>>> print(open('protein22.tsv').read())   # TSV, C-alpha atoms
chain	number	residue	atom	x	y	z
A	1	MET	CA	-23.55	37.18	6.91
A	2	SER	CA	-21.45	36.46	9.96
A	3	GLU	CA	-17.69	36.27	9.89
A	4	LEU	CA	-16.22	32.89	8.99
A	5	VAL	CA	-13.28	31.04	10.51
A	6	TYR	CA	-11.56	27.77	9.53
A	7	TYR	CA	-12.27	24.36	10.99
A	8	VAL	CA	-9.39	21.93	10.29
A	9	TYR	CA	-10.13	18.18	9.99
A	10	CYS	CA	-6.92	16.51	8.98
A	11	ILE	CA	-3.59	16.91	7.20
A	12	ALA	CA	-2.38	14.89	4.23
A	13	GLU	CA	0.21	15.20	1.49
A	14	SER	CA	-0.59	17.64	-1.28
A	15	ALA	CA	-0.21	14.86	-3.84
A	16	ALA	CA	-2.78	12.80	-1.94
A	17	ALA	CA	-5.10	15.79	-1.63
A	18	GLU	CA	-5.10	16.13	-5.41
A	19	GLN	CA	-6.61	12.66	-5.67
A	20	LEU	CA	-9.52	13.82	-3.53
A	21	PRO	CA	-11.06	16.88	-5.14
A	22	ALA	CA	-13.30	18.92	-2.84
A	23	ASP	CA	-16.51	18.02	-4.69
A	24	SER	CA	-15.89	14.29	-4.10
A	25	LEU	CA	-15.73	14.71	-0.33
A	26	PRO	CA	-18.51	14.19	2.26
A	27	ALA	CA	-20.50	17.00	3.86
A	28	ALA	CA	-18.71	19.52	6.04
A	29	ILE	CA	-19.30	20.02	9.75
A	30	GLU	CA	-21.73	22.89	9.14
A	31	GLU	CA	-24.34	22.93	6.41
A	32	ASP	CA	-24.07	24.82	3.11
A	33	VAL	CA	-20.29	25.00	2.94
A	34	ARG	CA	-17.85	22.84	1.05
A	35	LEU	CA	-14.66	21.26	2.25
A	36	GLU	CA	-11.47	22.65	0.75
A	37	TRP	CA	-7.80	21.84	0.79
A	38	ILE	CA	-5.27	24.46	1.80
A	39	SER	CA	-1.97	23.37	0.35
A	40	VAL	CA	1.55	24.57	1.11
A	41	ASN	CA	4.37	22.76	-0.67
A	42	ALA	CA	4.11	19.03	0.14
A	43	LEU	CA	1.32	19.27	2.70
A	44	ALA	CA	-2.37	20.08	2.63
A	45	ALA	CA	-4.91	20.72	5.37
A	46	LEU	CA	-8.55	19.79	4.85
A	47	VAL	CA	-10.75	22.60	6.12
A	48	SER	CA	-14.20	24.10	5.89
A	49	ARG	CA	-15.46	27.48	6.93
A	50	VAL	CA	-17.64	27.82	10.00
A	51	PRO	CA	-19.35	30.84	11.52
A	52	LYS	CA	-17.13	32.57	14.05
A	53	THR	CA	-20.13	33.20	16.27
A	54	ALA	CA	-20.64	29.45	16.85
A	55	TYR	CA	-16.96	28.56	17.13
A	56	SER	CA	-15.57	31.35	19.27
A	57	GLU	CA	-14.01	30.09	22.50
A	58	GLU	CA	-17.01	31.09	24.65
A	59	GLN	CA	-19.67	29.92	22.20
A	60	LEU	CA	-17.89	26.64	21.63
A	61	ALA	CA	-17.70	25.96	25.36
A	62	GLU	CA	-21.42	26.67	25.53
A	63	HIS	CA	-22.30	24.46	22.55
A	64	LEU	CA	-20.21	21.60	23.86
A	65	THR	CA	-22.47	21.29	26.88
A	66	ASP	CA	-25.23	20.44	24.41
A	67	ALA	CA	-24.61	16.75	23.85
A	68	THR	CA	-26.74	16.54	20.71
A	69	TRP	CA	-24.98	19.51	19.09
A	70	THR	CA	-21.62	17.94	19.92
A	71	ALA	CA	-22.52	14.41	18.87
A	72	ILE	CA	-23.82	15.47	15.46
A	73	ARG	CA	-20.69	17.51	14.74
A	74	ALA	CA	-18.35	14.87	16.07
A	75	MET	CA	-19.97	12.37	13.72
A	76	ARG	CA	-19.58	14.73	10.76
A	77	HIS	CA	-15.94	15.31	11.68
A	78	GLU	CA	-15.42	11.56	11.80
A	79	THR	CA	-17.20	10.96	8.48
A	80	VAL	CA	-14.88	13.42	6.75
A	81	VAL	CA	-11.66	12.14	8.32
A	82	GLU	CA	-12.65	8.53	7.77
A	83	TYR	CA	-13.37	9.16	4.10
A	84	VAL	CA	-9.92	10.63	3.60
A	85	ALA	CA	-8.07	8.10	5.79
A	86	LYS	CA	-9.58	5.19	3.84
A	87	ARG	CA	-8.04	6.56	0.64
A	88	VAL	CA	-4.79	8.30	1.56
A	89	THR	CA	-2.51	8.65	4.58
A	90	ALA	CA	-3.93	11.35	6.82
A	91	ILE	CA	-3.19	12.85	10.22
A	92	PRO	CA	-6.51	13.26	12.03
A	93	LEU	CA	-6.81	16.39	14.15
A	94	ARG	CA	-8.65	16.71	17.42
A	95	PHE	CA	-12.26	17.90	17.22
A	96	ALA	CA	-12.70	21.67	16.98
A	97	THR	CA	-9.30	22.88	15.86
A	98	ILE	CA	-10.07	26.38	14.65
A	99	TYR	CA	-7.98	28.93	12.78
A	100	LEU	CA	-9.16	32.48	12.35
A	101	GLU	CA	-7.32	33.10	9.08
A	102	ARG	CA	-6.19	31.09	6.13
A	103	GLU	CA	-2.68	32.46	6.71
A	104	GLY	CA	-2.59	30.83	10.16
A	105	ILE	CA	-3.04	27.41	8.58
A	106	GLU	CA	-0.46	28.11	5.90
A	107	GLU	CA	2.02	29.18	8.57
A	108	MET	CA	1.35	26.07	10.61
A	109	LEU	CA	1.89	23.83	7.54
A	110	THR	CA	5.16	25.61	6.82
A	111	GLU	CA	6.48	25.63	10.39
A	112	LYS	CA	5.48	22.07	11.28
A	113	GLY	CA	6.05	20.74	7.77
A	114	ARG	CA	9.05	18.54	8.46
A	115	GLU	CA	7.53	16.95	11.56
A	116	LEU	CA	4.19	16.41	9.87
A	117	GLU	CA	5.84	14.76	6.87
A	118	LEU	CA	7.69	12.45	9.21
A	119	VAL	CA	4.48	11.47	10.98
A	120	ILE	CA	2.82	10.76	7.63
A	121	ALA	CA	5.75	8.59	6.58
A	122	GLN	CA	5.39	6.53	9.78
A	123	LEU	CA	1.66	6.10	9.28
A	124	ARG	CA	1.68	5.16	5.61
A	125	GLY	CA	-0.19	1.95	4.85
A	126	ARG	CA	-1.34	1.60	8.44
A	127	GLU	CA	-4.69	1.74	10.18
A	128	GLU	CA	-5.89	1.86	13.74
A	129	TRP	CA	-7.84	-1.04	15.22
A	130	GLY	CA	-9.53	-0.93	18.58
A	131	VAL	CA	-9.77	-3.96	20.84
A	132	ASN	CA	-12.20	-4.00	23.74
A	133	VAL	CA	-12.00	-6.76	26.33
A	134	TYR	CA	-15.17	-7.69	28.21
A	135	SER	CA	-15.51	-10.03	31.13
A	136	ASP	CA	-18.67	-11.85	32.10
A	137	ARG	CA	-18.25	-12.11	35.87
A	138	ALA	CA	-20.73	-14.92	36.38
A	139	VAL	CA	-19.10	-17.13	33.74
A	140	LEU	CA	-15.63	-16.31	35.04
A	141	LEU	CA	-16.49	-17.11	38.65
A	142	SER	CA	-18.10	-20.39	37.70
A	143	SER	CA	-15.07	-21.43	35.66
A	144	ILE	CA	-12.41	-19.97	37.95
A	145	THR	CA	-11.38	-23.31	39.46
A	146	ARG	CA	-10.31	-24.33	35.96
A	147	VAL	CA	-8.91	-20.92	34.91
A	148	SER	CA	-6.79	-20.22	38.01
A	149	PRO	CA	-3.77	-22.53	38.46
A	150	VAL	CA	-3.90	-22.04	42.25
A	151	LEU	CA	-7.55	-23.02	42.53
A	152	ARG	CA	-7.19	-25.83	40.02
A	153	GLU	CA	-4.54	-27.41	42.21
A	154	LEU	CA	-6.62	-26.91	45.35
A	155	ALA	CA	-9.68	-28.41	43.68
A	156	GLU	CA	-7.70	-31.47	42.57
A	157	ARG	CA	-6.35	-31.99	46.07
A	158	ALA	CA	-9.81	-31.52	47.58
A	159	GLU	CA	-11.14	-34.29	45.37
A	160	LYS	CA	-8.61	-36.76	46.72
A	161	ALA	CA	-8.72	-35.58	50.34
A	162	SER	CA	-10.78	-36.93	53.23
A	163	PRO	CA	-14.28	-35.41	53.63
A	164	GLY	CA	-13.12	-33.16	56.49
A	165	GLN	CA	-10.05	-31.86	54.67
A	166	SER	CA	-12.03	-31.55	51.48
A	167	TYR	CA	-14.57	-29.35	53.25
A	168	LEU	CA	-11.85	-27.00	54.51
A	169	MET	CA	-10.24	-26.83	51.09
A	170	GLN	CA	-13.58	-26.03	49.51
A	171	LYS	CA	-13.96	-23.18	52.03
A	172	LYS	CA	-10.54	-21.89	51.01
A	173	ILE	CA	-11.44	-22.11	47.32
A	174	ASP	CA	-14.58	-20.06	47.92
A	175	ALA	CA	-12.62	-17.43	49.83
A	176	LEU	CA	-10.06	-17.10	47.02
A	177	ARG	CA	-12.53	-17.19	44.15
A	178	VAL	CA	-13.09	-13.41	43.82
A	179	ASP	CA	-9.41	-12.46	44.11
A	180	GLU	CA	-8.39	-15.17	41.68
A	181	ALA	CA	-11.04	-14.03	39.21
A	182	ARG	CA	-9.61	-10.51	39.32
A	183	ALA	CA	-6.09	-11.85	38.86
A	184	ALA	CA	-7.23	-14.05	35.98
A	185	VAL	CA	-8.78	-11.10	34.12
A	186	ASN	CA	-5.59	-9.08	34.52
A	187	ARG	CA	-3.51	-11.99	33.30
A	188	ILE	CA	-5.72	-12.53	30.26
A	189	VAL	CA	-5.79	-8.80	29.44
A	190	ASP	CA	-1.97	-8.70	29.59
A	191	GLN	CA	-1.74	-11.74	27.37
A	192	ILE	CA	-4.10	-10.22	24.80
A	193	ASP	CA	-2.00	-7.04	24.84
A	194	GLU	CA	1.26	-9.00	24.43
A	195	LYS	CA	0.02	-11.20	21.60
A	196	LEU	CA	-1.56	-8.40	19.60
A	197	LYS	CA	1.51	-6.17	20.05
A	198	GLU	CA	3.42	-8.78	18.07
A	199	GLN	CA	1.08	-8.22	15.13
A	200	SER	CA	1.19	-4.42	15.22
A	201	ASP	CA	3.62	-1.52	14.88
A	202	ASP	CA	2.43	0.49	17.84
A	203	ASN	CA	-0.12	0.15	20.60
A	204	VAL	CA	-1.70	2.11	23.37
A	205	ARG	CA	-3.89	1.16	26.28
A	206	LEU	CA	-6.81	3.57	26.59
A	207	ARG	CA	-8.66	4.72	29.62
A	208	ILE	CA	-12.16	3.39	30.10
A	209	LEU	CA	-14.58	6.27	30.09
A	210	LYS	CA	-17.25	4.68	32.18
A	211	VAL	CA	-18.02	1.27	33.52
A	212	GLU	CA	-19.79	-0.19	30.58
A	213	THR	CA	-21.84	-3.23	31.21
A	214	THR	CA	-23.09	-4.71	28.00
A	215	GLU	CA	-24.49	-8.04	26.96
A	216	HIS	CA	-20.85	-9.18	26.69
A	217	GLY	CA	-20.15	-8.35	30.32
A	218	GLU	CA	-18.18	-5.54	31.83
A	219	LEU	CA	-15.58	-3.62	29.81
A	220	LYS	CA	-12.20	-4.41	31.39
A	221	ALA	CA	-9.68	-2.97	28.95
A	222	LYS	CA	-9.48	-0.91	25.79
A	223	PHE	CA	-6.53	-0.97	23.43
A	224	ALA	CA	-5.66	0.67	20.15
A	225	PHE	CA	-3.22	-0.95	17.74
A	226	LEU	CA	-1.50	0.47	14.69
A	227	VAL	CA	-1.72	-2.26	12.08
A	228	LYS	CA	-0.32	-2.46	8.55
A	229	ARG	CA	-3.08	-2.96	6.02
A	230	SER	CA	-1.07	-5.84	4.59
A	231	GLY	CA	-0.83	-7.42	8.06
A	232	PHE	CA	-4.46	-7.16	9.05
A	233	GLU	CA	-5.31	-10.81	8.33
A	234	GLU	CA	-2.66	-11.96	10.81
A	235	PHE	CA	-3.82	-9.42	13.37
A	236	ARG	CA	-7.39	-10.55	13.01
A	237	ASP	CA	-6.44	-14.22	13.20
A	238	ALA	CA	-4.48	-13.59	16.40
A	239	ALA	CA	-7.47	-11.75	17.91
A	240	GLU	CA	-9.76	-14.58	16.91
A	241	ARG	CA	-7.47	-17.18	18.47
A	242	LEU	CA	-7.40	-15.19	21.72
A	243	ALA	CA	-11.18	-14.81	21.69
A	244	HIS	CA	-11.53	-18.55	21.21
A	245	GLU	CA	-8.97	-19.40	23.90
A	246	HIS	CA	-10.51	-17.21	26.59
A	247	GLN	CA	-14.16	-17.64	25.74
A	248	PRO	CA	-14.64	-20.39	28.37
A	249	ALA	CA	-13.50	-17.91	31.05
A	250	GLY	CA	-16.26	-15.51	30.05
A	251	ILE	CA	-13.88	-13.18	28.21
A	252	ARG	CA	-15.05	-11.58	25.01
A	253	LEU	CA	-13.10	-9.53	22.49
A	254	GLU	CA	-14.54	-6.81	20.36
A	255	LEU	CA	-12.57	-5.53	17.42
A	256	THR	CA	-13.49	-2.10	16.04
A	257	GLY	CA	-12.16	-0.28	13.03
A	258	PRO	CA	-10.46	0.48	10.84
A	259	TRP	CA	-10.15	3.92	12.38
A	260	PRO	CA	-8.22	6.93	11.23
A	261	VAL	CA	-5.06	6.80	13.33
A	262	TYR	CA	-6.36	9.07	16.09
A	263	ASN	CA	-4.38	7.35	18.83
A	264	PHE	CA	-1.04	7.41	17.08
A	265	VAL	CA	-0.60	11.09	16.44
A	266	THR	CA	-1.12	12.38	19.96
A	267	GLY	CA	2.59	12.24	20.81
A	268	PHE	CA	3.24	15.02	18.36
A	269	THR	CA	3.29	18.27	20.31
A	270	GLY	CA	1.81	20.46	17.61
B	1	MET	CA	-18.87	-23.08	18.97
B	2	ASN	CA	-18.80	-20.22	16.57
B	3	ASP	CA	-15.62	-18.12	16.47
B	4	VAL	CA	-17.12	-15.37	14.39
B	5	ASP	CA	-19.71	-14.93	17.07
B	6	GLN	CA	-17.04	-14.20	19.62
B	7	LEU	CA	-15.48	-11.49	17.57
B	8	ILE	CA	-17.53	-8.55	16.50
B	9	ILE	CA	-16.08	-6.55	13.69
B	10	SER	CA	-17.87	-3.25	13.68
B	11	GLU	CA	-16.73	-2.11	10.29
B	12	GLU	CA	-18.37	1.01	8.95
B	13	PHE	CA	-19.86	1.49	12.40
B	14	GLU	CA	-22.92	-0.55	13.02
B	15	ASN	CA	-25.85	1.42	14.29
B	16	THR	CA	-25.22	0.69	17.91
B	17	ASP	CA	-24.90	3.03	20.83
B	18	VAL	CA	-21.50	1.57	21.62
B	19	SER	CA	-20.12	2.56	18.25
B	20	LEU	CA	-21.46	6.07	18.70
B	21	LEU	CA	-19.65	6.29	22.01
B	22	GLU	CA	-16.49	4.86	20.45
B	23	THR	CA	-16.63	7.40	17.65
B	24	LEU	CA	-17.13	10.29	20.03
B	25	ASP	CA	-14.30	9.03	22.20
B	26	HIS	CA	-11.94	9.02	19.21
B	27	VAL	CA	-12.94	12.35	17.79
B	28	LEU	CA	-13.17	14.28	21.04
B	29	ASN	CA	-10.37	12.77	23.07
B	30	ARG	CA	-7.72	11.96	20.53
B	31	GLY	CA	-6.28	13.09	17.28
B	32	LEU	CA	-3.44	15.49	16.79
B	33	VAL	CA	-3.66	18.56	18.95
B	34	ILE	CA	-2.17	21.28	16.90
B	35	ALA	CA	-1.92	24.83	18.12
B	36	GLY	CA	-5.06	26.13	16.50
B	37	GLU	CA	-6.19	29.58	17.45
B	38	ILE	CA	-9.18	28.19	19.28
B	39	THR	CA	-9.03	24.78	20.92
B	40	ILE	CA	-11.03	23.07	23.61
B	41	SER	CA	-9.37	22.15	26.86
B	42	VAL	CA	-9.10	18.69	28.32
B	43	ALA	CA	-11.29	19.68	31.26
B	44	ASP	CA	-14.04	20.65	28.82
B	45	ILE	CA	-13.82	17.24	27.19
B	46	ASP	CA	-14.52	15.44	30.45
B	47	LEU	CA	-17.58	17.60	30.91
B	48	ILE	CA	-18.74	16.84	27.40
B	49	PHE	CA	-18.60	13.16	28.19
B	50	VAL	CA	-20.88	13.53	31.16
B	51	GLY	CA	-23.42	14.98	28.76
B	52	LEU	CA	-22.77	12.40	26.07
B	53	ASN	CA	-23.23	9.50	28.42
B	54	VAL	CA	-26.63	10.87	29.26
B	55	LEU	CA	-27.36	11.35	25.58
B	56	ILE	CA	-26.31	7.85	24.70
B	57	SER	CA	-28.37	6.29	27.44
B	58	SER	CA	-31.31	7.94	25.77
B	59	VAL	CA	-31.59	5.62	22.79
B	60	GLU	CA	-34.00	7.77	20.86
B	61	THR	CA	-31.69	10.75	20.78
B	62	ALA	CA	-28.77	8.56	19.81
B	63	HIS	CA	-30.72	7.19	16.86
B	64	GLU	CA	-31.71	10.67	15.88
B	65	VAL	CA	-28.04	11.61	15.77
B	66	LEU	CA	-27.11	8.52	13.80
B	67	GLY	CA	-30.04	9.07	11.47
B	68	LYS	CA	-28.85	12.56	10.71
B	69	ARG	CA	-25.42	11.22	10.00
B	70	GLU	CA	-26.70	8.62	7.57
B	71	THR	CA	-28.66	11.05	5.47
B	72	GLU	CA	-25.56	13.13	4.85
>>> encode(input="protein22.tsv", output="structure tokens")
Amino acid sequence: MSELVYYVYCIAESAAAEQLPADSLPAAIEEDVRLEWISVNALAALVSRVPKTAYSEEQLAEHLTDATWTAIRAMRHETVVEYVAKRVTAIPLRFATIYLEREGIEEMLTEKGRELELVIAQLRGREEWGVNVYSDRAVLLSSITRVSPVLRELAERAEKASPGQSYLMQKKIDALRVDEARAAVNRIVDQIDEKLKEQSDDNVRLRILKVETTEHGELKAKFAFLVKRSGFEEFRDAAERLAHEHQPAGIRLELTGPWPVYNFVTGFTG
Amino acid sequence: MNDVDQLIISEEFENTDVSLLETLDHVLNRGLVIAGEITISVADIDLIFVGLNVLISSVETAHEVLGKRETE
């Protein structure tokens, strides 16, 4: 039997951990081991044991180049954290946080206790919601003379102008179309950000990992919002109003969640 | 016009490749970084994503991964 080390999933309050006995929890990241809580005073870390051979620094780096290995384990990590976060307030940890000894975790809980308790207090009753903004370029370009104030004005003047002037104005509209479309997307994205901020306690704009072109168009922006459970209806209504308002410009909103609050614990330095 | 159609709520993660990517993005890129004794570096994460994008573009493998998750 190889040596075992500790994989840490998330941190919650000890009182909350007691509501979630180990045998009620989902499967651990590696087969044939159970999740367990390691509790020190008011805080508890959810862990499971993993073979040191697979999770040593070198082996881990090697495994992580295997996308299937990584994806399966990332999904298991998420399943565990999600289960806990749906029931109690939990601080999700980054994938593959490993401690060699139980004492290391106990020390961490003791040393960082005050800060961790503060973070939990700020997160209580809140969930993370993701908002993805897609733009359908063809729809946007075809509607840009209505969407862009500059082009709308030009188009109105062109209609009333003499044929010669009208032709020149139309030329100008065509030349501005692409730039105005880009400006319109930025404006709409900012507006979505502003409006949804009002319905949330915290927010972060995320980087786009790759240019994703889906049936909804191209992914233009990704946001995460920290939303009170009790305020979710308002948040959702605001998102729906924005989706409705910008749909004619080829803009589509995708709401994902609720997520464990992954994006609202990163400021903590550990 | 149907408002609900414009707004996709992927609760409980629908079985789509996008939600797999979203999940991986959350788990691998974010979450509290606490000084564990072994942690993966940010540079590693970017490399992982190169691999994952390839994985996800291969629908069969993605479903295999999701299938494994569901049976747990």
>>> interface_residues(input="protein22.tsv", of="chain A", to="chain B", cutoff="6 Å", atoms="all atoms listed in the file", output="mmCIF file with C-alpha atoms, in the coordinates of the input")
data_model
loop_
_atom_site.group_PDB
_atom_site.id
_atom_site.type_symbol
_atom_site.label_atom_id
_atom_site.label_comp_id
_atom_site.auth_asym_id
_atom_site.auth_seq_id
_atom_site.Cartn_x
_atom_site.Cartn_y
_atom_site.Cartn_z
ATOM 1 C CA THR A 65 -22.470 21.290 26.880
ATOM 2 C CA ALA A 67 -24.610 16.750 23.850
ATOM 3 C CA ILE A 72 -23.820 15.470 15.460
ATOM 4 C CA PRO A 92 -6.510 13.260 12.030
ATOM 5 C CA LEU A 93 -6.810 16.390 14.150
ATOM 6 C CA ARG A 94 -8.650 16.710 17.420
ATOM 7 C CA PHE A 95 -12.260 17.900 17.220
ATOM 8 C CA THR A 97 -9.300 22.880 15.860
ATOM 9 C CA ILE A 98 -10.070 26.380 14.650
ATOM 10 C CA TYR A 99 -7.980 28.930 12.780
ATOM 11 C CA LEU A 253 -13.100 -9.530 22.490
ATOM 12 C CA GLU A 254 -14.540 -6.810 20.360
ATOM 13 C CA LEU A 255 -12.570 -5.530 17.420
ATOM 14 C CA THR A 256 -13.490 -2.100 16.040
ATOM 15 C CA GLY A 257 -12.160 -0.280 13.030
ATOM 16 C CA TYR A 262 -6.360 9.070 16.090
ATOM 17 C CA ASN A 263 -4.380 7.350 18.830
ATOM 18 C CA VAL A 265 -0.600 11.090 16.440
ATOM 19 C CA THR A 266 -1.120 12.380 19.960
ATOM 20 C CA GLY A 270 1.810 20.460 17.610
#
>>> atom_distance(input="protein22.tsv", atom1="atom CA of Tyr9 of chain A", atom2="atom CA of Gly231 of chain A")
27.3 Å
>>> atom_distance(input="protein22.tsv", atom1="atom CA of Leu219 of chain A", atom2="atom CA of Arg146 of chain A")
22.2 Å
>>> atom_distance(input="protein22.tsv", atom1="atom CA of Ile192 of chain A", atom2="atom CA of Ala238 of chain A")
9.1 Å
>>> closest_residue(input="protein22.tsv", among="A:Glu180, A:Glu57, A:Glu215, A:Asp190", to="Leu100 of chain A", atoms="all atoms listed in the file")
A:Glu57
>>> closest_residue(input="protein22.tsv", among="A:Arg229, A:Lys172, A:Arg157, A:Arg102", to="Ala45 of chain A", atoms="only C-alpha atoms")
A:Arg102
>>> closest_residue(input="protein22.tsv", among="A:Pro260, A:Gly125, A:Pro26, A:Gly113", to="Leu43 of chain A", atoms="all atoms listed in the file")
A:Gly113
>>> residues_around(input="protein22.tsv", residues="Trp259 of chain A", least_positions_apart="4", cutoff="9 Å", atoms="only C-alpha atoms", output="PyMOL selection string")
(chain A and resi 82+85-86+127-130) or (chain B and resi 26)
>>> residues_around(input="protein22.tsv", residues="Arg187 of chain A", least_positions_apart="5", cutoff="12 Å", atoms="all atoms listed in the file", output="PyMOL selection string")
chain A and resi 147-149+180-182+192-194+220-221+246+249+251
>>> closest_residue(input="protein22.tsv", among="A:Glu106, A:Val204, A:Met169, A:Thr89", to="Ile120 of chain A", atoms="all atoms listed in the file")
A:Thr89
>>> residues_near_point(input="protein22.tsv", point="(-12.8, 22.3, 8.4)", cutoff="8 Å", atoms="only C-alpha atoms", output="ChimeraX atom specification")
/A:6-9,28-29,35-36,46-50,98
>>> axis_aligned_box(input="protein22.tsv", around="segment 96-108 of chain A", padding_each_side="5 Å", output="lines of an AutoDock Vina configuration file")
center_x = -5.3
center_y = 27.4
center_z = 11.4
size_x = 24.7
size_y = 21.4
size_z = 21.1
